[in-house]
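> Below is the file start.tsv, with TSV, C-alpha atoms.
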```tsv
chain	number	residue	atom	x	y	z
A	1	MET	CA	0.82	-28.17	17.23
A	2	ASN	CA	-1.34	-28.60	20.29
A	3	ALA	CA	-2.81	-25.14	20.94
A	4	THR	CA	-3.44	-25.88	24.61
A	5	ALA	CA	0.10	-27.10	25.36
A	6	ALA	CA	2.80	-24.82	26.74
A	7	PRO	CA	4.56	-22.84	24.01
A	8	VAL	CA	8.05	-24.09	23.21
A	9	SER	CA	10.65	-21.35	22.84
A	10	LEU	CA	14.23	-21.63	21.71
A	11	ILE	CA	16.36	-18.78	23.04
A	12	THR	CA	19.91	-18.13	21.84
A	13	GLY	CA	22.40	-16.09	23.81
A	14	ALA	CA	20.50	-17.29	26.86
A	15	SER	CA	23.37	-17.32	29.33
A	16	ARG	CA	23.45	-13.58	29.97
A	17	GLY	CA	22.08	-10.15	29.22
A	18	ILE	CA	18.87	-9.85	27.22
A	19	GLY	CA	18.80	-13.58	26.40
A	20	ARG	CA	18.93	-14.54	30.06
A	21	ALA	CA	16.25	-12.00	30.93
A	22	VAL	CA	14.01	-13.36	28.14
A	23	ALA	CA	14.50	-16.90	29.47
A	24	LEU	CA	13.33	-15.84	32.93
A	25	HIS	CA	10.35	-13.90	31.56
A	26	LEU	CA	9.18	-16.75	29.32
A	27	ALA	CA	9.73	-19.28	32.12
A	28	LYS	CA	7.39	-17.23	34.30
A	29	ALA	CA	4.92	-17.09	31.42
A	30	GLY	CA	4.81	-20.89	31.29
A	31	HIS	CA	6.92	-21.58	28.21
A	32	GLU	CA	8.96	-24.73	27.77
A	33	LEU	CA	12.49	-23.55	27.04
A	34	ILE	CA	15.39	-24.67	24.89
A	35	LEU	CA	18.35	-22.52	25.86
A	36	VAL	CA	21.45	-22.08	23.72
A	37	ALA	CA	24.73	-20.30	24.48
A	38	ARG	CA	28.45	-20.94	24.42
A	39	ASP	CA	29.07	-20.83	28.17
A	40	LEU	CA	27.85	-24.12	29.64
A	41	THR	CA	28.38	-23.11	33.26
A	42	ALA	CA	26.40	-19.90	32.90
A	43	LEU	CA	23.75	-21.76	30.91
A	44	GLU	CA	23.35	-24.31	33.70
A	45	GLN	CA	22.75	-21.49	36.16
A	46	VAL	CA	20.05	-19.95	33.94
A	47	GLN	CA	18.53	-23.40	33.55
A	48	ALA	CA	18.35	-23.78	37.34
A	49	ASP	CA	16.83	-20.29	37.69
A	50	CYS	CA	14.16	-21.06	35.07
A	51	GLN	CA	13.41	-24.48	36.56
A	52	ALA	CA	12.89	-22.78	39.91
A	53	LEU	CA	10.12	-20.83	38.18
A	54	GLY	CA	8.51	-24.11	37.11
A	55	ALA	CA	9.72	-24.26	33.50
A	56	LEU	CA	10.79	-27.35	31.62
A	57	VAL	CA	14.26	-26.43	30.34
A	58	SER	CA	16.87	-28.09	28.14
A	59	ILE	CA	20.25	-26.53	27.44
A	60	HIS	CA	22.66	-26.78	24.53
A	61	ALA	CA	26.15	-25.27	24.73
A	62	MET	CA	27.43	-24.39	21.27
A	63	ASP	CA	28.98	-21.78	19.03
A	64	LEU	CA	26.29	-20.59	16.62
A	65	THR	CA	28.84	-19.97	13.89
A	66	ASP	CA	29.46	-23.73	13.82
A	67	ARG	CA	26.93	-24.56	11.11
A	68	ASP	CA	27.19	-28.31	11.58
A	69	ALA	CA	26.47	-27.95	15.31
A	70	VAL	CA	23.42	-25.79	14.60
A	71	THR	CA	22.14	-28.34	12.07
A	72	ALA	CA	22.70	-31.12	14.62
A	73	LEU	CA	20.69	-29.18	17.22
A	74	PHE	CA	17.74	-28.91	14.85
A	75	ARG	CA	17.99	-32.58	13.88
A	76	HIS	CA	17.68	-33.30	17.60
A	77	LEU	CA	14.73	-30.90	17.94
A	78	HIS	CA	13.06	-32.37	14.86
A	79	THR	CA	12.92	-35.73	16.63
A	80	LYS	CA	12.35	-34.44	20.15
A	81	LEU	CA	9.56	-31.95	19.54
A	82	GLN	CA	7.40	-34.04	17.18
A	83	ASP	CA	3.78	-32.90	17.57
A	84	LYS	CA	4.65	-30.11	20.02
A	85	GLY	CA	6.43	-28.06	17.38
A	86	LEU	CA	8.54	-24.97	17.95
A	87	SER	CA	6.49	-21.92	18.89
A	88	HIS	CA	9.14	-19.19	19.09
A	89	LEU	CA	12.74	-18.66	18.10
A	90	VAL	CA	14.12	-15.77	20.16
A	91	HIS	CA	17.55	-15.11	18.71
A	92	CYS	CA	19.43	-12.91	21.17
A	93	ALA	CA	22.98	-14.08	20.51
A	94	GLY	CA	25.05	-11.41	18.87
A	95	GLN	CA	28.33	-9.63	18.97
A	96	MET	CA	29.06	-5.93	19.09
A	97	GLN	CA	32.23	-4.33	17.87
A	98	ASP	CA	33.32	-0.75	18.32
A	99	SER	CA	35.90	0.30	15.77
A	100	LEU	CA	36.30	3.02	13.20
A	101	LEU	CA	36.08	1.82	9.62
A	102	ALA	CA	39.80	2.28	8.98
A	103	MET	CA	40.59	0.30	12.12
A	104	THR	CA	38.31	-2.64	11.41
A	105	ARG	CA	40.18	-5.81	10.56
A	106	LEU	CA	38.46	-7.70	7.77
A	107	ALA	CA	38.85	-10.89	9.79
A	108	ASP	CA	36.87	-9.23	12.60
A	109	MET	CA	34.26	-8.14	10.07
A	110	ASP	CA	33.94	-11.76	8.90
A	111	LYS	CA	33.38	-12.93	12.48
A	112	LEU	CA	30.73	-10.30	13.05
A	113	LEU	CA	28.97	-11.18	9.79
A	114	ALA	CA	29.17	-14.90	10.56
A	115	LEU	CA	27.38	-14.54	13.89
A	116	ASN	CA	25.10	-11.53	13.44
A	117	VAL	CA	24.00	-12.37	9.89
A	118	GLY	CA	25.07	-15.88	8.84
A	119	ALA	CA	23.96	-17.65	12.01
A	120	THR	CA	20.74	-15.63	12.03
A	121	VAL	CA	19.86	-16.73	8.51
A	122	GLN	CA	20.62	-20.37	9.29
A	123	LEU	CA	18.57	-20.30	12.50
A	124	CYS	CA	15.62	-18.73	10.69
A	125	GLN	CA	15.92	-21.29	7.92
A	126	LEU	CA	15.91	-24.28	10.27
A	127	ALA	CA	13.39	-22.92	12.76
A	128	SER	CA	10.91	-21.90	10.08
A	129	LYS	CA	11.16	-25.37	8.55
A	130	LEU	CA	10.14	-26.86	11.90
A	131	MET	CA	7.32	-24.32	12.15
A	132	LEU	CA	6.06	-25.05	8.64
A	133	ARG	CA	5.06	-28.52	9.83
A	134	HIS	CA	2.38	-26.85	11.95
A	135	LYS	CA	1.86	-23.70	9.86
A	136	ALA	CA	2.45	-21.66	13.01
A	137	GLY	CA	5.37	-20.07	14.80
A	138	HIS	CA	7.25	-16.88	15.48
A	139	LEU	CA	10.78	-15.74	14.72
A	140	LEU	CA	11.92	-12.92	17.02
A	141	LEU	CA	15.26	-11.36	16.16
A	142	LEU	CA	17.35	-8.65	17.76
A	143	SER	CA	18.06	-5.65	15.61
A	144	SER	CA	19.39	-2.39	17.07
A	145	LYS	CA	18.73	1.28	17.16
A	146	VAL	CA	21.93	1.73	15.14
A	147	ALA	CA	20.49	-0.27	12.21
A	148	GLU	CA	18.30	2.69	11.27
A	149	ALA	CA	20.22	5.60	12.72
A	150	GLY	CA	23.80	4.50	12.14
A	151	SER	CA	26.59	4.98	14.64
A	152	ALA	CA	30.05	6.42	14.15
A	153	GLY	CA	32.57	3.78	15.15
A	154	GLN	CA	30.09	0.94	14.70
A	155	ALA	CA	29.64	0.84	10.94
A	156	VAL	CA	30.07	-2.90	10.51
A	157	TYR	CA	27.99	-3.74	13.57
A	158	ALA	CA	25.26	-1.38	12.34
A	159	ALA	CA	25.42	-3.00	8.91
A	160	THR	CA	24.87	-6.44	10.42
A	161	LYS	CA	21.88	-5.18	12.37
A	162	GLY	CA	20.55	-3.47	9.24
A	163	ALA	CA	20.71	-6.88	7.61
A	164	VAL	CA	18.63	-8.30	10.47
A	165	SER	CA	15.97	-5.64	9.95
A	166	ALA	CA	15.85	-6.38	6.21
A	167	LEU	CA	15.59	-10.09	7.00
A	168	VAL	CA	12.64	-9.47	9.31
A	169	LYS	CA	10.71	-7.52	6.68
A	170	SER	CA	11.42	-10.04	3.93
A	171	LEU	CA	10.72	-13.15	5.99
A	172	ALA	CA	7.51	-11.66	7.36
A	173	LYS	CA	6.30	-11.40	3.76
A	174	GLU	CA	7.63	-14.83	2.78
A	175	LEU	CA	6.49	-16.83	5.79
A	176	GLY	CA	3.31	-14.98	6.75
A	177	PRO	CA	1.10	-16.96	4.34
A	178	ASN	CA	2.17	-20.08	6.23
A	179	GLY	CA	1.20	-18.70	9.62
A	180	ILE	CA	4.70	-17.77	10.76
A	181	ARG	CA	5.21	-14.31	12.26
A	182	VAL	CA	8.58	-12.54	12.11
A	183	ASN	CA	9.45	-9.57	14.30
A	184	ALA	CA	12.40	-7.87	15.93
A	185	VAL	CA	13.12	-5.59	18.80
A	186	ALA	CA	15.63	-2.81	18.35
A	187	PRO	CA	17.19	-2.04	21.71
A	188	GLY	CA	18.89	1.27	22.32
A	189	PHE	CA	21.58	1.53	24.96
A	190	ILE	CA	20.99	-1.39	27.31
A	191	GLU	CA	23.28	-2.11	30.25
A	192	THR	CA	24.60	-5.59	29.45
A	193	ASP	CA	27.97	-7.27	29.05
A	194	LEU	CA	28.07	-5.95	25.48
A	195	THR	CA	28.20	-2.40	26.76
A	196	ALA	CA	29.98	-2.97	30.08
A	197	HIS	CA	33.26	-1.69	28.67
A	198	TYR	CA	31.84	1.80	28.02
A	199	SER	CA	33.40	4.50	30.17
A	200	GLU	CA	31.25	6.48	32.61
A	201	GLU	CA	31.83	9.55	30.47
A	202	LYS	CA	30.55	7.79	27.36
A	203	LYS	CA	27.54	6.47	29.28
A	204	GLN	CA	26.74	10.01	30.40
A	205	GLN	CA	27.02	11.30	26.84
A	206	LEU	CA	24.65	8.59	25.63
A	207	THR	CA	22.23	9.17	28.48
A	208	ALA	CA	21.97	12.84	27.51
A	209	GLN	CA	20.71	11.73	24.04
A	210	ILE	CA	18.00	9.46	25.45
A	211	SER	CA	14.58	11.05	25.89
A	212	LEU	CA	13.94	9.22	29.17
A	213	ARG	CA	17.44	10.24	30.36
A	214	ARG	CA	18.47	6.83	31.58
A	215	LEU	CA	20.00	3.66	30.19
A	216	GLY	CA	17.81	0.64	29.56
A	217	GLN	CA	17.82	-2.68	31.38
A	218	ALA	CA	17.73	-6.17	29.90
A	219	ASP	CA	14.48	-6.82	31.78
A	220	GLU	CA	12.79	-3.97	29.93
A	221	VAL	CA	13.68	-5.48	26.56
A	222	ALA	CA	12.66	-8.95	27.74
A	223	ALA	CA	9.21	-7.69	28.76
A	224	VAL	CA	8.61	-6.42	25.22
A	225	ILE	CA	9.84	-9.71	23.75
A	226	GLN	CA	7.48	-11.56	26.10
A	227	PHE	CA	4.62	-9.50	24.71
A	228	LEU	CA	5.62	-10.21	21.11
A	229	CYS	CA	5.76	-13.92	22.00
A	230	SER	CA	2.28	-13.81	23.53
A	231	ASN	CA	-1.09	-14.49	21.98
A	232	ASP	CA	-1.87	-10.78	22.36
A	233	ALA	CA	0.66	-10.12	19.59
A	234	ARG	CA	-0.78	-12.70	17.20
A	235	TYR	CA	-1.58	-10.09	14.53
A	236	ILE	CA	1.84	-8.42	14.63
A	237	THR	CA	4.41	-9.38	12.01
A	238	GLY	CA	7.17	-7.63	10.12
A	239	HIS	CA	7.52	-5.16	12.96
A	240	ILE	CA	10.76	-3.82	14.42
A	241	LEU	CA	9.92	-2.43	17.79
A	242	ALA	CA	12.32	0.11	19.28
A	243	VAL	CA	12.99	-0.37	22.98
A	244	ASP	CA	15.30	2.56	23.51
A	245	GLY	CA	13.77	5.10	25.86
A	246	GLY	CA	13.33	7.52	22.97
A	247	PHE	CA	16.96	7.27	21.82
A	248	SER	CA	15.78	7.08	18.21
A	249	LEU	CA	13.59	10.19	18.34
B	1	MET	CA	13.59	-54.16	3.39
B	2	SER	CA	10.33	-56.01	2.76
B	3	ASN	CA	8.18	-55.35	-0.28
B	4	GLU	CA	5.35	-54.52	2.09
B	5	LEU	CA	7.34	-51.75	3.75
B	6	ILE	CA	8.46	-50.39	0.39
B	7	GLN	CA	4.86	-50.29	-0.76
B	8	THR	CA	3.92	-48.54	2.47
B	9	ASN	CA	6.58	-45.90	1.90
B	10	SER	CA	5.37	-45.37	-1.67
B	11	ALA	CA	1.83	-44.94	-0.42
B	12	LYS	CA	2.98	-42.54	2.30
B	13	LEU	CA	4.91	-40.53	-0.27
B	14	THR	CA	1.87	-40.26	-2.52
B	15	VAL	CA	-0.30	-39.10	0.36
B	16	ALA	CA	2.35	-36.60	1.48
B	17	PHE	CA	2.57	-35.09	-2.01
B	18	ALA	CA	-1.21	-35.01	-2.41
B	19	THR	CA	-1.63	-33.40	1.02
B	20	ALA	CA	1.06	-30.76	0.54
B	21	LEU	CA	0.12	-29.86	-3.02
B	22	VAL	CA	-3.63	-30.22	-2.40
B	23	VAL	CA	-4.18	-32.40	-5.45
B	24	ALA	CA	-5.69	-35.85	-5.95
B	25	ASP	CA	-3.60	-38.96	-5.24
B	26	THR	CA	-4.07	-39.93	-8.87
B	27	GLN	CA	-2.06	-36.90	-9.98
B	28	ILE	CA	1.05	-38.12	-8.16
B	29	HIS	CA	3.39	-40.12	-10.39
B	30	ASP	CA	7.16	-40.33	-10.79
B	31	ASP	CA	7.27	-37.86	-13.67
B	32	LEU	CA	5.37	-35.14	-11.85
B	33	ALA	CA	7.83	-32.23	-11.71
B	34	TYR	CA	8.25	-29.04	-9.73
B	35	ASN	CA	6.48	-26.10	-11.39
B	36	SER	CA	4.84	-28.43	-13.94
B	37	ILE	CA	1.46	-27.85	-12.28
B	38	LYS	CA	0.31	-24.64	-10.66
B	39	GLU	CA	-0.17	-26.40	-7.32
B	40	TRP	CA	3.56	-27.24	-7.06
B	41	ASP	CA	5.03	-23.76	-6.80
B	42	SER	CA	7.78	-22.52	-4.51
B	43	THR	CA	5.40	-21.95	-1.58
B	44	ALA	CA	3.91	-25.43	-1.90
B	45	HIS	CA	7.41	-26.84	-2.22
B	46	MET	CA	8.26	-25.70	1.31
B	47	LEU	CA	5.04	-27.23	2.61
B	48	LEU	CA	5.90	-30.42	0.75
B	49	ILE	CA	9.32	-30.52	2.40
B	50	ALA	CA	7.74	-30.05	5.82
B	51	GLU	CA	5.24	-32.82	5.07
B	52	LEU	CA	7.91	-35.25	3.85
B	53	GLU	CA	10.11	-34.52	6.87
B	54	ASN	CA	7.16	-35.11	9.14
B	55	VAL	CA	5.93	-38.30	7.48
B	56	PHE	CA	9.34	-39.93	7.16
B	57	ASN	CA	10.88	-38.37	10.28
B	58	VAL	CA	13.92	-37.00	8.48
B	59	MET	CA	15.48	-33.55	8.20
B	60	LEU	CA	16.50	-32.74	4.64
B	61	ASP	CA	19.63	-30.79	3.78
B	62	THR	CA	19.18	-27.53	1.89
B	63	ASP	CA	20.85	-28.95	-1.23
B	64	ASP	CA	18.37	-31.82	-1.24
B	65	ILE	CA	15.43	-29.42	-0.87
B	66	ILE	CA	16.68	-27.49	-3.89
B	67	ASP	CA	17.31	-30.69	-5.89
B	68	MET	CA	13.88	-32.22	-5.24
B	69	SER	CA	12.58	-31.47	-8.71
B	70	SER	CA	10.18	-34.40	-9.24
B	71	VAL	CA	8.49	-37.26	-7.44
B	72	ALA	CA	11.14	-39.65	-8.76
B	73	LYS	CA	13.86	-37.33	-7.48
B	74	ALA	CA	12.12	-37.16	-4.10
B	75	LYS	CA	12.32	-40.97	-3.86
B	76	GLU	CA	15.99	-40.88	-4.80
B	77	ILE	CA	16.77	-38.21	-2.21
B	78	LEU	CA	14.74	-39.87	0.55
B	79	SER	CA	16.60	-43.12	-0.13
B	80	LYS	CA	19.77	-41.36	1.05
B	81	TYR	CA	18.01	-40.87	4.39
B	82	GLY	CA	17.18	-44.56	4.70
B	83	VAL	CA	13.67	-44.46	3.24
B	84	GLN	CA	13.37	-47.32	0.76
B	85	PHE	CA	11.11	-47.31	-2.32
```
Translate this file's structure into structure tokens.


Amino acid sequence: MNATAAPVSLITGASRGIGRAVALHLAKAGHELILVARDLTALEQVQADCQALGALVSIHAMDLTDRDAVTALFRHLHTKLQDKGLSHLVHCAGQMQDSLLAMTRLADMDKLLALNVGATVQLCQLASKLMLRHKAGHLLLLSSKVAEAGSAGQAVYAATKGAVSALVKSLAKELGPNGIRVNAVAPGFIETDLTAHYSEEKKQQLTAQISLRRLGQADEVAAVIQFLCSNDARYITGHILAVDGGFSL
Amino acid sequence: MSNELIQTNSAKLTVAFATALVVADTQIHDDLAYNSIKEWDSTAHMLLIAELENVFNVMLDTDDIIDMSSVAKAKEILSKYGVQF
């Protein structure tokens, strides 16, 4: 990998929310971007926004639970990136589900596991293989405050995020000797499409539990991810950084 | 496929193994097997896969990575990806 070249970052879930905010932050920071999401139209808009900031951007519309499509993307990247290598995987795509345990359909659980855990494992597997070629790289995953603290009505979602945290710790140990860092951020209550359906009353209840007494913004999570993807964070691995305004205190 | 190209691929394979496992070229032969020398452990195996993918410009399936148990097996697997030996 050419150390003086622009870092190359693959961002999933890049069409909206935290993923979109990360794309804009890393574009400003001079990264070359590979953006992935299901919604092509929204992805094209983010691409245009990032290009306006001077970034080189390619987009790939796909469902990350389609394992063959994910493999095909990495076959393409394997050829396209060559000596540049992949610097960062920022995996923001994820699904949230609010339902009590007794009201959780097992089919819905399977979908949640397929995206939040299965796709995450496959992405880490393929991205780390690209990074091994250069013995350098960084996997940045999204965990959640609920992975540690739990959340009534979100047991399965919390379990999937707990799996992400365990993956971060394990992969940091496994891949560290080959120069690959693995970290996560654990957002608290962030105002995105995932939480847009919450009632005002519920938002007020949650706000009262947050030390800073306000909800978080996608930009605030993206700024932390930008730091973890910077050279300043080169000695940080296996870390799950809460970005929750003190929600976890 | 010309004999010359086949010989080149064999030479590239030997260098890739020697580079990834950090052993001498002379130690690389068809019978050399995974875990038969201390240098070819699970960590080195992943570096070997990365090296082979890089040298031959292929992306190996997970099943093939698991099955690559010897130099001879590596040749057999790479043949599936169009690399002739």

> Ranking A:Lys28, A:Arg38, A:His91, A:Lys129 by minimum distance to chain B and counting all atoms listed in the file, which one comes first?

A:Lys129

> Near chain B, which residues of chain A fall within 12 Å when you count only C-alpha atoms, and what do they look like as a PyMOL selection string?

chain A and resi 68+71-83+85+122+125-135+173-179

> Point out the residue among A:Asn231, A:Asp66, A:Ala155, A:Gly245 with the least atom-to-atom distance to Met103 (chain A), counting only C-alpha atoms.

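When distances to Met103 (chain A) are compared using only C-alpha atoms, the smallest one comes from A:Ala155.
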
> For Ala24 (chain B), which residue out of B:Leu78, B:Asp67, B:Glu39, B:Glu4 is the nearest one, using only C-alpha atoms?

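Using only C-alpha atoms, Ala24 (chain B) sits closest to B:Glu39.
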
> Considering all atoms listed in the file, return as a PDB file with C-alpha atoms, keeping the file's coordinate frame whatever protein or nucleic-acid residues lie within 12 Å of Gln47 (chain A), sequence-local ones (same chain, fewer than 5 positions apart) excluded.


```pdb
ATOM      1  CA  ILE A  11      16.360 -18.780  23.040  1.00  0.00           C
ATOM      2  CA  ALA A  14      20.500 -17.290  26.860  1.00  0.00           C
ATOM      3  CA  SER A  15      23.370 -17.320  29.330  1.00  0.00           C
ATOM      4  CA  ARG A  16      23.450 -13.580  29.970  1.00  0.00           C
ATOM      5  CA  ARG A  20      18.930 -14.540  30.060  1.00  0.00           C
ATOM      6  CA  ALA A  21      16.250 -12.000  30.930  1.00  0.00           C
ATOM      7  CA  ALA A  23      14.500 -16.900  29.470  1.00  0.00           C
ATOM      8  CA  LEU A  24      13.330 -15.840  32.930  1.00  0.00           C
ATOM      9  CA  ALA A  27       9.730 -19.280  32.120  1.00  0.00           C
ATOM     10  CA  GLU A  32       8.960 -24.730  27.770  1.00  0.00           C
ATOM     11  CA  LEU A  33      12.490 -23.550  27.040  1.00  0.00           C
ATOM     12  CA  ILE A  34      15.390 -24.670  24.890  1.00  0.00           C
ATOM     13  CA  LEU A  35      18.350 -22.520  25.860  1.00  0.00           C
ATOM     14  CA  VAL A  36      21.450 -22.080  23.720  1.00  0.00           C
ATOM     15  CA  ALA A  37      24.730 -20.300  24.480  1.00  0.00           C
ATOM     16  CA  LEU A  40      27.850 -24.120  29.640  1.00  0.00           C
ATOM     17  CA  THR A  41      28.380 -23.110  33.260  1.00  0.00           C
ATOM     18  CA  ALA A  42      26.400 -19.900  32.900  1.00  0.00           C
ATOM     19  CA  ALA A  52      12.890 -22.780  39.910  1.00  0.00           C
ATOM     20  CA  LEU A  53      10.120 -20.830  38.180  1.00  0.00           C
ATOM     21  CA  GLY A  54       8.510 -24.110  37.110  1.00  0.00           C
ATOM     22  CA  ALA A  55       9.720 -24.260  33.500  1.00  0.00           C
ATOM     23  CA  LEU A  56      10.790 -27.350  31.620  1.00  0.00           C
ATOM     24  CA  VAL A  57      14.260 -26.430  30.340  1.00  0.00           C
ATOM     25  CA  SER A  58      16.870 -28.090  28.140  1.00  0.00           C
ATOM     26  CA  ILE A  59      20.250 -26.530  27.440  1.00  0.00           C
ATOM     27  CA  HIS A  60      22.660 -26.780  24.530  1.00  0.00           C
ATOM     28  CA  ALA A  61      26.150 -25.270  24.730  1.00  0.00           C
TER      29      ALA A  61
END
```

> Between B:Gln84, B:Gln27, B:Leu32, B:Thr8, which has the minimum distance to Ala72 (chain B) (counting all atoms listed in the file)?

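Checking each of B:Gln84, B:Gln27, B:Leu32, B:Thr8 against Ala72 (chain B), counting all atoms listed in the file, the winner is B:Leu32.
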
> Would you compute the distance between CA of Leu89 (chain A) and CA of Ala6 (chain A)? Give it in Å to one decimal.

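Going from CA of Leu89 (chain A) over to CA of Ala6 (chain A), I get 14.5 Å.
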
> Since fewer atoms than expected are present, regenerate N, CA and C atoms for region 5-30 of chain A and write them as a compact mmCIF listing (two decimals), in the coordinates of the input.


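Written out: part.txt:
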```
# COMPACT_ATOMS: atom_id res chain seq x y z
N ALA A 5 -1.15 -26.75 24.69
CA ALA A 5 0.10 -27.10 25.36
C ALA A 5 0.93 -25.84 25.59
N ALA A 6 1.93 -25.96 26.49
CA ALA A 6 2.80 -24.82 26.74
C ALA A 6 3.58 -24.49 25.47
N PRO A 7 3.74 -23.19 25.17
CA PRO A 7 4.56 -22.84 24.01
C PRO A 7 6.00 -23.30 24.22
N VAL A 8 6.65 -23.68 23.13
CA VAL A 8 8.05 -24.09 23.21
C VAL A 8 8.90 -23.01 22.57
N SER A 9 9.84 -22.47 23.34
CA SER A 9 10.65 -21.35 22.84
C SER A 9 12.13 -21.68 22.90
N LEU A 10 12.78 -21.45 21.78
CA LEU A 10 14.23 -21.63 21.71
C LEU A 10 14.87 -20.25 21.83
N ILE A 11 15.73 -20.08 22.81
CA ILE A 11 16.36 -18.78 23.04
C ILE A 11 17.87 -18.92 22.87
N THR A 12 18.45 -18.12 21.98
CA THR A 12 19.91 -18.13 21.84
C THR A 12 20.49 -16.98 22.67
N GLY A 13 21.76 -17.11 22.98
CA GLY A 13 22.40 -16.09 23.81
C GLY A 13 21.77 -16.06 25.19
N ALA A 14 21.34 -17.22 25.65
CA ALA A 14 20.50 -17.29 26.86
C ALA A 14 21.28 -17.24 28.16
N SER A 15 22.60 -17.23 28.09
CA SER A 15 23.37 -17.32 29.33
C SER A 15 23.52 -15.98 30.04
N ARG A 16 23.25 -14.90 29.34
CA ARG A 16 23.45 -13.58 29.97
C ARG A 16 22.66 -12.50 29.25
N GLY A 17 22.67 -11.33 29.85
CA GLY A 17 22.08 -10.15 29.22
C GLY A 17 20.62 -10.31 28.86
N ILE A 18 20.28 -9.84 27.66
CA ILE A 18 18.87 -9.85 27.22
C ILE A 18 18.37 -11.29 27.08
N GLY A 19 19.21 -12.18 26.57
CA GLY A 19 18.80 -13.58 26.40
C GLY A 19 18.42 -14.23 27.71
N ARG A 20 19.22 -13.99 28.73
CA ARG A 20 18.93 -14.54 30.06
C ARG A 20 17.63 -13.96 30.60
N ALA A 21 17.47 -12.65 30.43
CA ALA A 21 16.25 -12.00 30.93
C ALA A 21 15.01 -12.54 30.21
N VAL A 22 15.14 -12.79 28.90
CA VAL A 22 14.01 -13.36 28.14
C VAL A 22 13.69 -14.76 28.67
N ALA A 23 14.72 -15.54 28.94
CA ALA A 23 14.50 -16.90 29.47
C ALA A 23 13.69 -16.85 30.76
N LEU A 24 14.04 -15.95 31.64
CA LEU A 24 13.33 -15.84 32.93
C LEU A 24 11.89 -15.36 32.72
N HIS A 25 11.70 -14.40 31.83
CA HIS A 25 10.35 -13.90 31.56
C HIS A 25 9.46 -14.99 30.97
N LEU A 26 10.00 -15.72 29.98
CA LEU A 26 9.18 -16.75 29.32
C LEU A 26 8.97 -17.95 30.25
N ALA A 27 9.92 -18.20 31.12
CA ALA A 27 9.73 -19.28 32.12
C ALA A 27 8.55 -18.93 33.02
N LYS A 28 8.52 -17.69 33.46
CA LYS A 28 7.39 -17.23 34.30
C LYS A 28 6.07 -17.31 33.54
N ALA A 29 6.14 -17.08 32.24
CA ALA A 29 4.92 -17.09 31.42
C ALA A 29 4.47 -18.50 31.04
N GLY A 30 5.23 -19.51 31.51
CA GLY A 30 4.81 -20.89 31.29
C GLY A 30 5.33 -21.55 30.03
```
